[in-house]
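These notes concern the structure reproduced below.
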Amino acid sequence: MKKLIVSVAIIGAFAIYVLTHGRASASSGLPGASGTGALASSPTTTTDGGTPAAGALFKNGSYTGVSADAQWGYVQVQAIIQNGKLADVKFLQYPNHRSRSVEINTYAMPVLTSEAVQAQSAQVDVVSGATDTAFAFMQSLDDALTQAKA
Amino acid sequence: MRQTQIIMGMPITVEIPGPDGEASEAADALEAVFAYLRQVDETFSTYKESSEISRINRGELGLSDSSEDVRTVFALSQQTREETGGYFAIWRDGHCDPSGLVKGWAIHNAEALLQERGYRDYYIDAGGDIALGGLKDGRAWRVGIRNPFNRAEIVKALTVTNLGVATSGTAIRGQHIYDPHQPGILASDIVSLTVIGPNVYEADRFATAGFAMGRRGISFIELLPGFEGYQIDTHGMATYTSGFERYIVAYAERN
């Protein structure tokens with residue numbers, strides 16, 4: 001139950017963001033630049049239960065978002081719009097501290113064990129997972145998509 | 001009793017197992033935790049213009065004039081930077097953002113609030129970084145490690161008590177992230193690093209720094225006494241430290 005709540009909260013935050021974006025775009029009455037008449041029918045927006053906006057949400061092209069702080073580095077994405085829809089998100093910047101010359105050259109220590117990850121059925125009370133970059137990712141994508149609407 | 005609130009931009013859940021008859025005391029304790037975390041957010045948020053951190057970044061407040069909490073966090077950040085070979089940094093381009101350390105520090109302080117009220121059994125989960133005290137229904141707490149490729153699944157079930165568990169990683173599952181300065185080269189092929197430590201503050205800060213180290217992070221955790229780690233790469237391969245196995249539910253039940 002716990003992991004469900006957390007998952008729903010995080011996925012929900014992203015869904016709300018996509019939905020508000022879609023609505024803002026639709027209400028602004030911007031026509032789709034592509035002229036293909038593609039509908040805003042991503043899986044996320046259809047869960048709204050409403051009628052998809054007529055016309056494409058975004059103009060075709062590539063839009064680079066702001067560089068957003070993700071605590072231990074910056075995240076910057078590029079949104080690729082095809083047929084008026086978000087087709088791909090590319091990472092231009094991603095937290096990466098390799099340029100620092102600190103050496104911790106102890107990888108492949110014999111005491112470490114490797115395995116392929118496998119889904120577990122055990123019941124747990126709480127789930128540990130990463131949320132670090134989600135917020136910065138959304139900030140940068142939001143900026144890129146705002147440009148795509150203009 | 002269990003309750004979730006959104007504070008610091010993330011879901012924070014606190015659970016205190018116990019009989020229903022003591023629910024009102026437990027509710028007070030939960031509210032004390034949430035109130036404390038809201039206060040921490042007011043002080044440290046980089047998104048709130050009135051926070052001390054925002055005032056420091058605007059040059060309106062000097063570090064020596066800041067609150068004791070802020071000075072403590074800066075000192076701990078500096079200590080962590082030194083302990084991790086520079087892989088933990090709160091200053092970038094003249095702006096500071098200690099949120100990578102504040103979360104674990106705040107949850108750890110919040111569990112002290114529960115202990116002061118006599119609670120020994122609890123967990124506090126802030127966006128997947130968890131402080132765990134005592135037991136749940138007479139057994140150790142069970143903590144799942146989320147599958148970075150499928151949020152609905154876990155890839156490990158751990159049994160832990162009086163420890164902290166923290167995961168650092170990308171929330172963008174399985175995405176191959178290329179280095180913009182070196183086309184075709186993966187910036188890091190690690191998607192998540194989970195650390196079990198003596199408390200959530202320790203687990204969180206070393207998970208953050210270890211993840212920034214990329215593939216070498218798990219070796220860094222191996223070298224830290226009292227810490228264990230589980231690292232997952234983009235190919236779905238996991239690497240874990242020498243003492244990690246004793247926390248795995250099935251293993252712990254067999255032995």
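Residues in the structure tokens are named by chain (A, B, ... in the order shown) and by number from 1 within that chain; ligands are numbered from 1 in the order shown.
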Backbone-only DSSP, helix (DSSP H, G or I) members of segment 3-214 of chain B, as an mmCIF file with C-alpha atoms, in the first residue's frame:
data_model
loop_
_atom_site.group_PDB
_atom_site.id
_atom_site.type_symbol
_atom_site.label_atom_id
_atom_site.label_comp_id
_atom_site.auth_asym_id
_atom_site.auth_seq_id
_atom_site.Cartn_x
_atom_site.Cartn_y
_atom_site.Cartn_z
ATOM 1 C CA ASP B 20 -6.105 2.399 18.402
ATOM 2 C CA GLY B 21 -6.607 3.505 22.002
ATOM 3 C CA GLU B 22 -3.394 5.516 21.816
ATOM 4 C CA ALA B 23 -4.273 7.070 18.488
ATOM 5 C CA SER B 24 -4.610 10.652 19.729
ATOM 6 C CA GLU B 25 -1.107 10.676 21.255
ATOM 7 C CA ALA B 26 0.231 9.162 18.038
ATOM 8 C CA ALA B 27 -1.591 11.794 15.991
ATOM 9 C CA ASP B 28 0.060 14.524 18.086
ATOM 10 C CA ALA B 29 3.446 12.927 17.523
ATOM 11 C CA LEU B 30 2.897 12.719 13.763
ATOM 12 C CA GLU B 31 1.854 16.361 13.656
ATOM 13 C CA ALA B 32 4.982 17.335 15.599
ATOM 14 C CA VAL B 33 7.083 15.589 12.943
ATOM 15 C CA PHE B 34 5.263 17.255 10.060
ATOM 16 C CA ALA B 35 5.409 20.670 11.758
ATOM 17 C CA TYR B 36 9.148 20.298 12.235
ATOM 18 C CA LEU B 37 9.683 19.320 8.594
ATOM 19 C CA ARG B 38 7.589 22.280 7.411
ATOM 20 C CA GLN B 39 9.761 24.551 9.536
ATOM 21 C CA VAL B 40 12.900 23.040 7.988
ATOM 22 C CA ASP B 41 11.425 23.710 4.543
ATOM 23 C CA GLU B 42 10.775 27.359 5.486
ATOM 24 C CA THR B 43 14.422 27.725 6.439
ATOM 25 C CA PHE B 44 16.136 25.743 3.691
ATOM 26 C CA GLU B 52 17.387 31.788 4.889
ATOM 27 C CA ILE B 53 19.014 29.938 1.996
ATOM 28 C CA SER B 54 17.397 32.294 -0.529
ATOM 29 C CA ARG B 55 18.513 35.299 1.523
ATOM 30 C CA ILE B 56 22.054 33.933 1.665
ATOM 31 C CA ASN B 57 21.994 33.406 -2.114
ATOM 32 C CA LEU B 63 26.496 32.804 7.102
ATOM 33 C CA SER B 64 27.698 34.071 10.484
ATOM 34 C CA ASP B 65 24.343 35.849 10.986
ATOM 35 C CA GLU B 68 22.147 27.670 14.203
ATOM 36 C CA ASP B 69 20.421 25.110 11.964
ATOM 37 C CA VAL B 70 21.818 26.718 8.832
ATOM 38 C CA ARG B 71 25.311 26.897 10.266
ATOM 39 C CA THR B 72 25.059 23.254 11.372
ATOM 40 C CA VAL B 73 23.994 22.145 7.894
ATOM 41 C CA PHE B 74 26.819 24.111 6.254
ATOM 42 C CA ALA B 75 29.341 22.549 8.605
ATOM 43 C CA LEU B 76 27.962 19.058 7.915
ATOM 44 C CA SER B 77 28.035 19.734 4.167
ATOM 45 C CA GLN B 78 31.662 20.757 4.347
ATOM 46 C CA GLN B 79 32.463 17.658 6.385
ATOM 47 C CA THR B 80 30.661 15.440 3.857
ATOM 48 C CA ARG B 81 32.469 17.106 0.974
ATOM 49 C CA GLU B 82 35.778 16.245 2.608
ATOM 50 C CA GLU B 83 34.710 12.696 3.428
ATOM 51 C CA SER B 99 18.913 20.203 0.014
ATOM 52 C CA GLY B 100 20.965 17.081 -0.793
ATOM 53 C CA LEU B 101 21.916 16.934 2.864
ATOM 54 C CA VAL B 102 18.980 18.661 4.549
ATOM 55 C CA LYS B 103 16.489 15.892 3.807
ATOM 56 C CA GLY B 104 18.367 13.141 5.620
ATOM 57 C CA TRP B 105 19.396 15.503 8.414
ATOM 58 C CA ALA B 106 15.795 16.636 8.929
ATOM 59 C CA ILE B 107 14.322 13.129 8.981
ATOM 60 C CA HIS B 108 16.964 12.066 11.459
ATOM 61 C CA ASN B 109 16.066 15.017 13.715
ATOM 62 C CA ALA B 110 12.376 14.205 13.273
ATOM 63 C CA GLU B 111 12.894 10.657 14.525
ATOM 64 C CA ALA B 112 14.484 12.130 17.645
ATOM 65 C CA LEU B 113 11.186 13.984 18.206
ATOM 66 C CA LEU B 114 9.387 10.623 18.190
ATOM 67 C CA GLN B 115 11.947 9.073 20.525
ATOM 68 C CA GLU B 116 11.579 11.999 22.962
ATOM 69 C CA VAL B 200 18.991 8.012 7.579
ATOM 70 C CA TYR B 201 21.261 11.068 7.633
ATOM 71 C CA GLU B 202 24.348 8.932 7.119
ATOM 72 C CA ALA B 203 22.668 6.708 4.531
ATOM 73 C CA ASP B 204 21.335 9.669 2.542
ATOM 74 C CA ARG B 205 24.520 11.710 2.319
ATOM 75 C CA PHE B 206 26.628 8.746 1.258
ATOM 76 C CA ALA B 207 23.992 7.522 -1.207
ATOM 77 C CA THR B 208 24.014 10.983 -2.809
ATOM 78 C CA ALA B 209 27.805 11.154 -3.021
ATOM 79 C CA GLY B 210 28.161 7.488 -4.012
ATOM 80 C CA PHE B 211 25.696 7.863 -6.847
ATOM 81 C CA ALA B 212 27.614 10.882 -8.169
ATOM 82 C CA GLY B 214 29.007 6.491 -10.983
#
Close residues, Gly129 of chain A itself excluded, 6 Å, only C-alpha atoms, min 4 positions apart in chain, as a list in words: Gly128, Arg146 and Thr167 of chain B
